[in-house]
$ cat run-v4.cif   # mmCIF, C-alpha atoms
data_protein
#
loop_
_atom_site.label_atom_id
_atom_site.label_comp_id
_atom_site.auth_asym_id
_atom_site.auth_seq_id
_atom_site.Cartn_x
_atom_site.Cartn_y
_atom_site.Cartn_z
CA MET A 16 -71.68 20.71 -8.32
CA ARG A 17 -73.11 22.36 -5.21
CA ASN A 18 -71.26 20.00 -2.89
CA HIS A 19 -67.84 20.75 -4.33
CA PRO A 20 -66.97 23.75 -2.14
CA LYS A 21 -67.83 21.73 0.94
CA ALA A 22 -65.75 18.81 -0.19
CA MET A 23 -62.85 21.14 -0.94
CA MET A 24 -63.07 22.58 2.56
CA VAL A 25 -62.99 19.11 4.07
CA ILE A 26 -59.94 18.20 2.03
CA VAL A 27 -58.13 21.42 2.94
CA ALA A 28 -58.96 20.94 6.61
CA ALA A 29 -57.70 17.37 6.54
CA ALA A 30 -54.50 18.45 4.81
CA ALA A 31 -53.97 21.20 7.36
CA LEU A 32 -54.48 18.73 10.18
CA ILE A 33 -51.98 16.34 8.68
CA ALA A 34 -49.49 19.18 8.16
CA VAL A 35 -49.85 20.42 11.73
CA SER A 36 -49.45 16.94 13.16
CA GLY A 37 -46.36 16.45 10.97
CA CYS A 38 -44.74 19.62 12.32
CA GLY A 39 -45.38 18.51 15.83
CA SER A 40 -43.55 15.25 15.41
CA SER A 41 -39.91 14.77 16.35
CA GLY A 42 -38.11 16.17 13.31
CA THR A 43 -36.32 12.99 12.43
CA GLY A 44 -39.31 11.59 10.67
CA GLY A 45 -39.60 14.22 7.99
CA TYR A 46 -40.70 13.14 4.59
CA GLY A 47 -37.84 14.77 2.82
CA THR A 48 -39.92 16.96 0.53
CA SER A 49 -38.82 20.10 2.27
CA SER A 50 -35.84 21.82 0.67
CA SER A 51 -34.23 22.94 3.91
CA PRO A 52 -33.44 20.47 6.68
CA PRO A 53 -35.34 21.36 9.85
CA SER A 54 -32.49 20.22 12.12
CA ALA A 55 -30.11 22.79 10.63
CA ALA A 56 -32.65 25.52 11.10
CA SER A 57 -33.30 24.55 14.70
CA SER A 58 -29.62 24.34 15.70
CA GLY A 59 -28.79 27.63 14.03
CA ALA A 60 -25.66 26.25 12.32
CA PRO A 61 -25.37 24.29 9.09
CA GLN A 62 -24.54 20.64 9.67
CA SER A 63 -22.32 18.95 7.11
CA PRO A 64 -22.87 15.32 6.25
CA SER A 65 -20.53 12.69 7.72
CA LEU A 66 -17.15 13.15 6.00
CA THR A 67 -15.01 10.10 6.51
CA ILE A 68 -12.04 8.89 4.54
CA THR A 69 -11.72 5.17 5.11
CA ILE A 70 -8.39 3.49 4.49
CA LYS A 71 -8.69 -0.16 3.56
CA ASP A 72 -6.33 -2.53 1.77
CA PHE A 73 -3.84 0.28 1.20
CA GLY A 74 -6.39 2.46 -0.59
CA TYR A 75 -8.43 5.56 0.23
CA GLN A 76 -12.21 5.47 0.09
CA GLY A 77 -14.23 8.54 0.92
CA PRO A 78 -15.51 11.94 -0.09
CA VAL A 79 -14.02 13.43 -3.20
CA SER A 80 -15.37 16.92 -2.64
CA VAL A 81 -15.95 18.78 0.61
CA SER A 82 -16.78 22.28 1.68
CA PRO A 83 -14.01 24.67 2.82
CA GLY A 84 -12.97 24.12 6.41
CA ALA A 85 -14.95 20.88 6.76
CA LYS A 86 -13.93 18.48 9.51
CA ILE A 87 -12.87 15.21 7.93
CA THR A 88 -12.53 11.98 9.88
CA VAL A 89 -9.99 9.38 8.79
CA LYS A 90 -10.58 5.76 9.73
CA ASN A 91 -7.87 3.18 9.17
CA GLU A 92 -9.05 -0.40 8.76
CA ASP A 93 -5.60 -1.72 7.82
CA THR A 94 -3.25 -3.20 10.40
CA GLN A 95 -0.49 -0.79 9.38
CA ALA A 96 -0.41 2.92 10.18
CA HIS A 97 -1.05 5.41 7.37
CA THR A 98 -1.22 9.13 6.75
CA VAL A 99 -3.38 11.47 4.71
CA THR A 100 -0.79 14.02 3.63
CA SER A 101 -1.40 16.69 1.02
CA ASP A 102 1.09 16.54 -1.82
CA ASP A 103 2.10 20.16 -1.21
CA GLY A 104 2.94 19.19 2.37
CA LYS A 105 1.16 22.22 3.84
CA ALA A 106 -2.61 21.90 3.41
CA PHE A 107 -3.12 18.93 5.74
CA ASP A 108 -1.22 16.04 7.24
CA ALA A 109 -2.99 13.48 9.42
CA ALA A 110 -1.42 10.27 10.72
CA VAL A 111 -3.67 7.42 11.80
CA ASP A 112 -2.78 4.21 13.62
CA GLY A 113 -3.68 0.83 12.21
CA GLY A 114 -6.27 -1.59 13.53
CA GLY A 115 -9.28 0.73 13.42
CA GLY A 116 -7.54 3.94 14.48
CA THR A 117 -9.23 7.25 13.70
CA THR A 118 -8.16 10.86 13.47
CA GLN A 119 -9.55 14.15 12.20
CA PHE A 120 -8.26 17.02 10.12
CA THR A 121 -9.68 20.22 8.73
CA ALA A 122 -10.07 20.66 5.00
CA PRO A 123 -8.35 23.73 3.54
CA LYS A 124 -10.40 26.93 3.40
CA THR A 125 -9.26 27.78 -0.11
CA PRO A 126 -11.24 26.03 -2.84
CA GLY A 127 -9.23 23.85 -5.15
CA SER A 128 -8.01 20.34 -5.81
CA TYR A 129 -5.73 18.81 -3.20
CA PRO A 130 -4.04 15.55 -4.17
CA TYR A 131 -2.78 13.62 -1.18
CA HIS A 132 -0.74 10.50 -0.42
CA CYS A 133 0.44 8.28 2.41
CA ALA A 134 3.80 9.43 3.72
CA TYR A 135 4.64 5.86 4.76
CA HIS A 136 3.49 4.03 1.62
CA SER A 137 4.33 6.04 -1.48
CA ASN A 138 2.01 4.03 -3.73
CA MET A 139 -1.13 5.27 -1.93
CA HIS A 140 -2.78 8.31 -3.51
CA GLY A 141 -6.09 10.16 -3.26
CA SER A 142 -7.57 13.53 -4.10
CA LEU A 143 -9.74 15.99 -2.21
CA VAL A 144 -11.65 18.77 -3.97
CA VAL A 145 -12.64 21.74 -1.82
CA LYS A 146 -15.55 23.73 -3.27
CA MET B 27 49.51 -25.22 -25.56
CA SER B 28 46.73 -25.07 -28.16
CA THR B 29 43.86 -22.58 -27.93
CA ARG B 30 41.38 -25.37 -27.30
CA GLU B 31 43.47 -26.74 -24.48
CA ALA B 32 43.83 -23.28 -22.99
CA ALA B 33 40.06 -22.84 -23.07
CA ARG B 34 39.58 -26.18 -21.39
CA ARG B 35 41.99 -25.25 -18.63
CA LYS B 36 40.26 -21.95 -18.03
CA PRO B 37 38.50 -21.97 -14.64
CA MET B 38 34.91 -22.98 -15.19
CA ASN B 39 33.48 -19.93 -13.50
CA ARG B 40 35.32 -17.55 -15.81
CA ARG B 41 33.71 -18.63 -19.05
CA PRO B 42 31.51 -16.04 -20.83
CA LYS B 43 28.25 -17.85 -20.03
CA ASP B 44 29.16 -18.13 -16.39
CA ILE B 45 30.23 -14.51 -16.20
CA LEU B 46 26.91 -13.49 -17.78
CA LEU B 47 25.02 -15.65 -15.29
CA ARG B 48 26.89 -14.10 -12.38
CA LEU B 49 26.13 -10.62 -13.66
CA LEU B 50 22.43 -11.40 -14.05
CA VAL B 51 22.10 -12.93 -10.58
CA ALA B 52 23.98 -10.01 -9.04
CA ALA B 53 21.81 -7.50 -10.94
CA ALA B 54 18.63 -9.17 -9.69
CA LEU B 55 19.91 -9.01 -6.11
CA VAL B 56 20.90 -5.36 -6.50
CA ILE B 57 17.41 -4.44 -7.81
CA ASP B 58 15.93 -6.24 -4.81
CA ALA B 59 18.26 -4.35 -2.45
CA VAL B 60 17.63 -0.91 -3.98
CA VAL B 61 13.85 -1.30 -3.78
CA HIS B 62 13.99 -2.50 -0.17
CA PHE B 63 16.34 0.33 0.88
CA ASP B 64 14.10 2.83 -0.87
CA LEU B 65 10.90 1.67 0.84
CA ALA B 66 12.40 0.97 4.27
CA ALA B 67 11.98 4.41 5.91
CA GLY B 68 8.25 4.70 5.24
CA TYR B 69 7.46 1.08 6.02
CA GLN B 70 9.26 1.36 9.34
CA LEU B 71 6.80 4.10 10.37
CA GLY B 72 3.86 2.14 9.00
CA ALA B 73 4.68 -1.04 10.90
CA PRO B 74 7.07 -0.23 13.76
CA GLY B 75 6.08 -3.22 15.92
CA GLY B 76 8.76 -5.75 16.88
CA ILE B 77 11.87 -5.26 14.82
CA GLY B 78 9.88 -3.11 12.40
CA GLU B 79 9.10 -3.75 8.75
CA GLY B 80 11.57 -1.12 7.55
CA ASN B 81 14.40 -2.69 9.52
CA LEU B 82 13.55 -6.09 8.04
CA PHE B 83 13.73 -4.46 4.61
CA ARG B 84 17.16 -3.04 5.45
CA LEU B 85 18.41 -6.44 6.62
CA GLU B 86 17.11 -8.05 3.43
CA ALA B 87 18.75 -5.35 1.32
CA ALA B 88 22.10 -5.64 3.11
CA ALA B 89 22.09 -9.43 2.73
CA ALA B 90 21.22 -9.09 -0.96
CA ILE B 91 24.12 -6.69 -1.56
CA LEU B 92 26.61 -8.95 0.24
CA VAL B 93 25.47 -12.02 -1.67
CA ALA B 94 25.53 -10.11 -4.96
CA LEU B 95 29.19 -9.27 -4.31
CA TYR B 96 29.89 -12.86 -3.31
CA VAL B 97 28.37 -14.14 -6.56
CA LEU B 98 30.25 -11.56 -8.64
CA VAL B 99 33.63 -12.22 -7.03
CA ARG B 100 33.47 -15.99 -6.61
CA GLY B 101 30.67 -17.44 -8.68
CA SER B 102 31.04 -20.60 -6.66
CA ARG B 103 28.47 -23.14 -5.54
CA PRO B 104 28.18 -21.63 -2.03
CA ALA B 105 27.74 -18.19 -3.59
CA TYR B 106 24.91 -19.38 -5.84
CA ALA B 107 23.36 -21.29 -2.95
CA ALA B 108 23.35 -18.13 -0.85
CA ALA B 109 21.74 -16.25 -3.75
CA VAL B 110 19.02 -18.90 -4.02
CA VAL B 111 18.29 -18.54 -0.30
CA ILE B 112 18.21 -14.72 -0.26
CA ALA B 113 16.30 -14.16 -3.50
CA GLY B 114 14.04 -17.17 -2.99
CA SER B 115 13.07 -16.27 0.57
CA ALA B 116 12.32 -12.68 -0.43
CA PHE B 117 10.18 -13.90 -3.33
CA ILE B 118 8.20 -16.26 -1.12
CA ALA B 119 7.77 -13.54 1.52
CA VAL B 120 6.44 -10.94 -0.91
CA LEU B 121 3.92 -13.40 -2.36
CA LEU B 122 2.86 -14.63 1.07
CA TYR B 123 2.28 -11.17 2.52
CA ARG B 124 0.50 -10.07 -0.65
CA TYR B 125 -2.15 -12.79 -0.45
CA VAL B 126 -2.25 -13.98 3.17
CA ASP B 127 -3.03 -11.76 6.18
CA ILE B 128 -0.39 -13.14 8.52
CA PRO B 129 -0.48 -11.62 12.03
CA ALA B 130 2.63 -10.45 13.86
CA ILE B 131 4.91 -13.34 14.80
CA GLY B 132 7.35 -12.53 17.59
CA PRO B 133 9.56 -9.69 16.41
CA ILE B 134 8.16 -9.85 12.87
CA PRO B 135 5.31 -7.37 12.49
CA SER B 136 2.18 -7.94 10.44
CA MET B 137 3.18 -7.01 6.89
CA TYR B 138 0.03 -7.86 4.95
CA GLU B 139 -0.20 -5.57 1.92
CA PRO B 140 -2.81 -6.74 -0.59
CA VAL B 141 -1.69 -4.56 -3.50
CA TRP B 142 0.88 -4.55 -6.24
CA PHE B 143 2.65 -1.40 -7.41
CA PHE B 144 5.59 -0.78 -9.70
CA GLU B 145 8.47 -1.01 -7.21
CA LYS B 146 7.02 -4.02 -5.45
CA SER B 147 6.34 -5.84 -8.73
CA LEU B 148 9.83 -5.02 -10.02
CA SER B 149 11.40 -6.34 -6.84
CA ALA B 150 9.27 -9.51 -6.89
CA VAL B 151 10.18 -10.25 -10.51
CA ALA B 152 13.88 -9.63 -9.80
CA GLU B 153 13.73 -11.94 -6.78
CA GLY B 154 11.98 -14.71 -8.69
CA VAL B 155 14.23 -14.50 -11.75
CA GLY B 156 17.30 -14.12 -9.52
CA ALA B 157 16.42 -17.24 -7.55
CA VAL B 158 15.89 -19.31 -10.71
CA LEU B 159 19.14 -18.09 -12.31
CA ALA B 160 21.04 -18.70 -9.09
CA ALA B 161 19.66 -22.24 -8.99
CA VAL B 162 20.84 -22.74 -12.59
CA GLY B 163 24.28 -21.44 -11.64
CA TYR B 164 24.42 -23.76 -8.66
CA LEU B 165 23.47 -26.79 -10.75
CA ARG B 166 26.00 -25.90 -13.48
CA GLN B 167 28.77 -25.63 -10.91
CA ARG B 168 27.78 -28.90 -9.30
CA GLY B 169 27.59 -30.71 -12.62
CA ARG B 170 31.04 -29.54 -13.66
CA ALA B 171 32.55 -30.38 -10.30
CA ARG B 172 31.29 -33.96 -10.65
CA ARG B 173 32.60 -34.31 -14.21
CA PRO B 174 36.02 -36.01 -14.17
CA ARG B 175 38.89 -33.86 -15.44
CA ARG B 176 40.93 -35.20 -18.32
#

$ encode --input "run-v4.cif" --output "structure tokens"
Amino acid sequence: MRNHPKAMMVIVAAAALIAVSGCGSSGTGGYGTSSSPPSAASSGAPQSPSLTITIKDFGYQGPVSVSPGAKITVKNEDTQAHTVTSDDGKAFDAAVDGGGGTTQFTAPKTPGSYPYHCAYHSNMHGSLVVK
Amino acid sequence: MSTREAARRKPMNRRPKDILLRLLVAAALVIDAVVHFDLAAGYQLGAPGGIGEGNLFRLEAAAAILVALYVLVRGSRPAYAAAVVIAGSAFIAVLLYRYVDIPAIGPIPSMYEPVWFFEKSLSAVAEGVGAVLAAVGYLRQRGRARRPRR
């Protein structure tokens, strides 16, 4: 019973040492228990995850929901060219060459659902939710 | 002249069955042409290499319309043979480019499209059925031509 406060102090000191050494490491090796990403805090601007719409076999694969104004990359793995064109024709319209071509467009700033299609191949459809 | 004799003397390609066959073959070719004309503009932008996929679609559609008229007007062996060639080649092409990733060959661009959708399926069925019916028409005409007249 008498030794307990001493033991507690040793444990706390060890934990503090581990915590300090963790903070001093490069940032990429975080354990993920922290709620806020350290990289975002250090750069001063929020970093969005990689947002890529991949076109393969005449179909869209990619993020369904994005934040307003997010930069979205389009990668085309088909041999034919395609587009990512909003159905309303105004929100966004990005053409991308075939054979691994890429392009970027900005998601609308107004939240909502934005169905899109390929202007060249009318059977291709997708949907982007901005929220 | 009796009615039976009059019927026998009627040109063989003006009998009701033959007229129906001509209409069906022509309809199949027209469906094929309409679908290809409809898709041509977009596909030309998607695959502009060489002659361009859209332009190939337009050529196919124009040939289908001409042969449809030929079958409707004449209903002869050459007309049915032309219909077999046009509908049959389009049917083979759509199946080939659906399942095999063929690269560009000379002026023909790569047209691999591994999906089915309504218009494409409709066109493929029309081409297949049209080719079979045209072959039937061709064989009927050939059989009658060989039969000795009384």

$ residues_around --input "run-v4.cif" --residues "B:Ile112" --least-positions-apart "5" --cutoff "8 Å" --atoms "only C-alpha atoms" --output "list in words"
Glu86, Ala89, Ala90, Val93 and Ala157 of chain B

$ resolve_selection --input "run-v4.cif" --expression "the PyMOL selection byres ((chain B) within 10 of (chain A))" --output "ChimeraX atom specification"
/B:65-75,127,129-130,135-146

$ atom_distance --input "run-v4.cif" --atom1 "atom CA of B:Ser147" --atom2 "atom CA of B:Val126"
16.8 Å

$ closest_residue --input "run-v4.cif" --among "B:Val51, B:Ala150, B:Leu122, B:Ile134" --to "B:Glu79" --atoms "all atoms listed in the file"
B:Ile134

$ residues_around --input "run-v4.cif" --residues "B:Asp64" --least-positions-apart "5" --cutoff "10 Å" --atoms "all atoms listed in the file" --output "MDAnalysis selection string"
chainID B and resid 59 69 80 83:84 87 145

$ closest_residue --input "run-v4.cif" --among "A:Ala106, A:Ile68, A:Val145, A:Val99" --to "A:Ser82" --atoms "only C-alpha atoms"
A:Val145

$ residues_around --input "run-v4.cif" --residues "B:Ile45" --least-positions-apart "5" --cutoff "9 Å" --atoms "all atoms listed in the file" --output "PyMOL selection string"
chain B and resi 39-40+50+98+101

$ write_last_selection --input "run-v4.cif" --atoms "C-alpha atoms" --output "JSON list (two decimals), in the coordinates of the input"
[["chain", "number", "residue", "atom", "x", "y", "z"],
["B", 39, "ASN", "CA", 33.48, -19.93, -13.50],
["B", 40, "ARG", "CA", 35.32, -17.55, -15.81],
["B", 50, "LEU", "CA", 22.43, -11.40, -14.05],
["B", 98, "LEU", "CA", 30.25, -11.56, -8.64],
["B", 101, "GLY", "CA", 30.67, -17.44, -8.68]]

$ decode --input "run-v4.cif" --residues "stretch 151-170 of chain B" --atoms "N, CA and C atoms" --output "PDB file, in the first residue's frame"
ATOM      1  N   VAL B 151     -29.807  -6.583 -81.300  1.00  0.00           N
ATOM      2  CA  VAL B 151     -30.883  -7.559 -81.566  1.00  0.00           C
ATOM      3  C   VAL B 151     -31.429  -7.354 -82.978  1.00  0.00           C
ATOM      4  N   ALA B 152     -31.643  -6.086 -83.351  1.00  0.00           N
ATOM      5  CA  ALA B 152     -32.161  -5.792 -84.702  1.00  0.00           C
ATOM      6  C   ALA B 152     -31.190  -6.297 -85.770  1.00  0.00           C
ATOM      7  N   GLU B 153     -29.913  -6.095 -85.531  1.00  0.00           N
ATOM      8  CA  GLU B 153     -28.906  -6.550 -86.511  1.00  0.00           C
ATOM      9  C   GLU B 153     -28.903  -8.075 -86.631  1.00  0.00           C
ATOM     10  N   GLY B 154     -28.940  -8.740 -85.496  1.00  0.00           N
ATOM     11  CA  GLY B 154     -28.928 -10.206 -85.514  1.00  0.00           C
ATOM     12  C   GLY B 154     -30.164 -10.777 -86.184  1.00  0.00           C
ATOM     13  N   VAL B 155     -31.331 -10.284 -85.755  1.00  0.00           N
ATOM     14  CA  VAL B 155     -32.594 -10.773 -86.333  1.00  0.00           C
ATOM     15  C   VAL B 155     -32.659 -10.405 -87.815  1.00  0.00           C
ATOM     16  N   GLY B 156     -32.231  -9.180 -88.133  1.00  0.00           N
ATOM     17  CA  GLY B 156     -32.243  -8.731 -89.529  1.00  0.00           C
ATOM     18  C   GLY B 156     -31.376  -9.609 -90.412  1.00  0.00           C
ATOM     19  N   ALA B 157     -30.208  -9.977 -89.913  1.00  0.00           N
ATOM     20  CA  ALA B 157     -29.298 -10.818 -90.703  1.00  0.00           C
ATOM     21  C   ALA B 157     -29.912 -12.203 -90.945  1.00  0.00           C
ATOM     22  N   VAL B 158     -30.522 -12.761 -89.909  1.00  0.00           N
ATOM     23  CA  VAL B 158     -31.130 -14.101 -90.047  1.00  0.00           C
ATOM     24  C   VAL B 158     -32.304 -14.046 -91.035  1.00  0.00           C
ATOM     25  N   LEU B 159     -33.168 -13.038 -90.881  1.00  0.00           N
ATOM     26  CA  LEU B 159     -34.321 -12.919 -91.785  1.00  0.00           C
ATOM     27  C   LEU B 159     -33.868 -12.657 -93.224  1.00  0.00           C
ATOM     28  N   ALA B 160     -32.837 -11.868 -93.367  1.00  0.00           N
ATOM     29  CA  ALA B 160     -32.316 -11.600 -94.720  1.00  0.00           C
ATOM     30  C   ALA B 160     -31.756 -12.885 -95.338  1.00  0.00           C
ATOM     31  N   ALA B 161     -31.120 -13.696 -94.506  1.00  0.00           N
ATOM     32  CA  ALA B 161     -30.600 -14.979 -95.012  1.00  0.00           C
ATOM     33  C   ALA B 161     -31.759 -15.879 -95.432  1.00  0.00           C
ATOM     34  N   VAL B 162     -32.831 -15.868 -94.661  1.00  0.00           N
ATOM     35  CA  VAL B 162     -34.027 -16.656 -95.026  1.00  0.00           C
ATOM     36  C   VAL B 162     -34.584 -16.157 -96.363  1.00  0.00           C
ATOM     37  N   GLY B 163     -34.683 -14.846 -96.488  1.00  0.00           N
ATOM     38  CA  GLY B 163     -35.177 -14.267 -97.744  1.00  0.00           C
ATOM     39  C   GLY B 163     -34.310 -14.655 -98.925  1.00  0.00           C
ATOM     40  N   TYR B 164     -33.022 -14.613 -98.721  1.00  0.00           N
ATOM     41  CA  TYR B 164     -32.086 -14.973 -99.790  1.00  0.00           C
ATOM     42  C   TYR B 164     -32.284 -16.427-100.201  1.00  0.00           C
ATOM     43  N   LEU B 165     -32.404 -17.307 -99.227  1.00  0.00           N
ATOM     44  CA  LEU B 165     -32.557 -18.739 -99.523  1.00  0.00           C
ATOM     45  C   LEU B 165     -33.902 -19.016-100.194  1.00  0.00           C
ATOM     46  N   ARG B 166     -34.945 -18.321 -99.775  1.00  0.00           N
ATOM     47  CA  ARG B 166     -36.265 -18.501-100.411  1.00  0.00           C
ATOM     48  C   ARG B 166     -36.206 -18.080-101.881  1.00  0.00           C
ATOM     49  N   GLN B 167     -35.570 -16.966-102.122  1.00  0.00           N
ATOM     50  CA  GLN B 167     -35.458 -16.487-103.507  1.00  0.00           C
ATOM     51  C   GLN B 167     -34.643 -17.455-104.355  1.00  0.00           C
ATOM     52  N   ARG B 168     -33.584 -17.980-103.777  1.00  0.00           N
ATOM     53  CA  ARG B 168     -32.727 -18.892-104.527  1.00  0.00           C
ATOM     54  C   ARG B 168     -33.451 -20.203-104.817  1.00  0.00           C
ATOM     55  N   GLY B 169     -34.183 -20.679-103.814  1.00  0.00           N
ATOM     56  CA  GLY B 169     -34.924 -21.929-104.000  1.00  0.00           C
ATOM     57  C   GLY B 169     -35.972 -21.815-105.087  1.00  0.00           C
ATOM     58  N   ARG B 170     -36.669 -20.682-105.112  1.00  0.00           N
ATOM     59  CA  ARG B 170     -37.716 -20.494-106.124  1.00  0.00           C
ATOM     60  C   ARG B 170     -37.118 -20.318-107.518  1.00  0.00           C
TER      61      ARG B 170
END
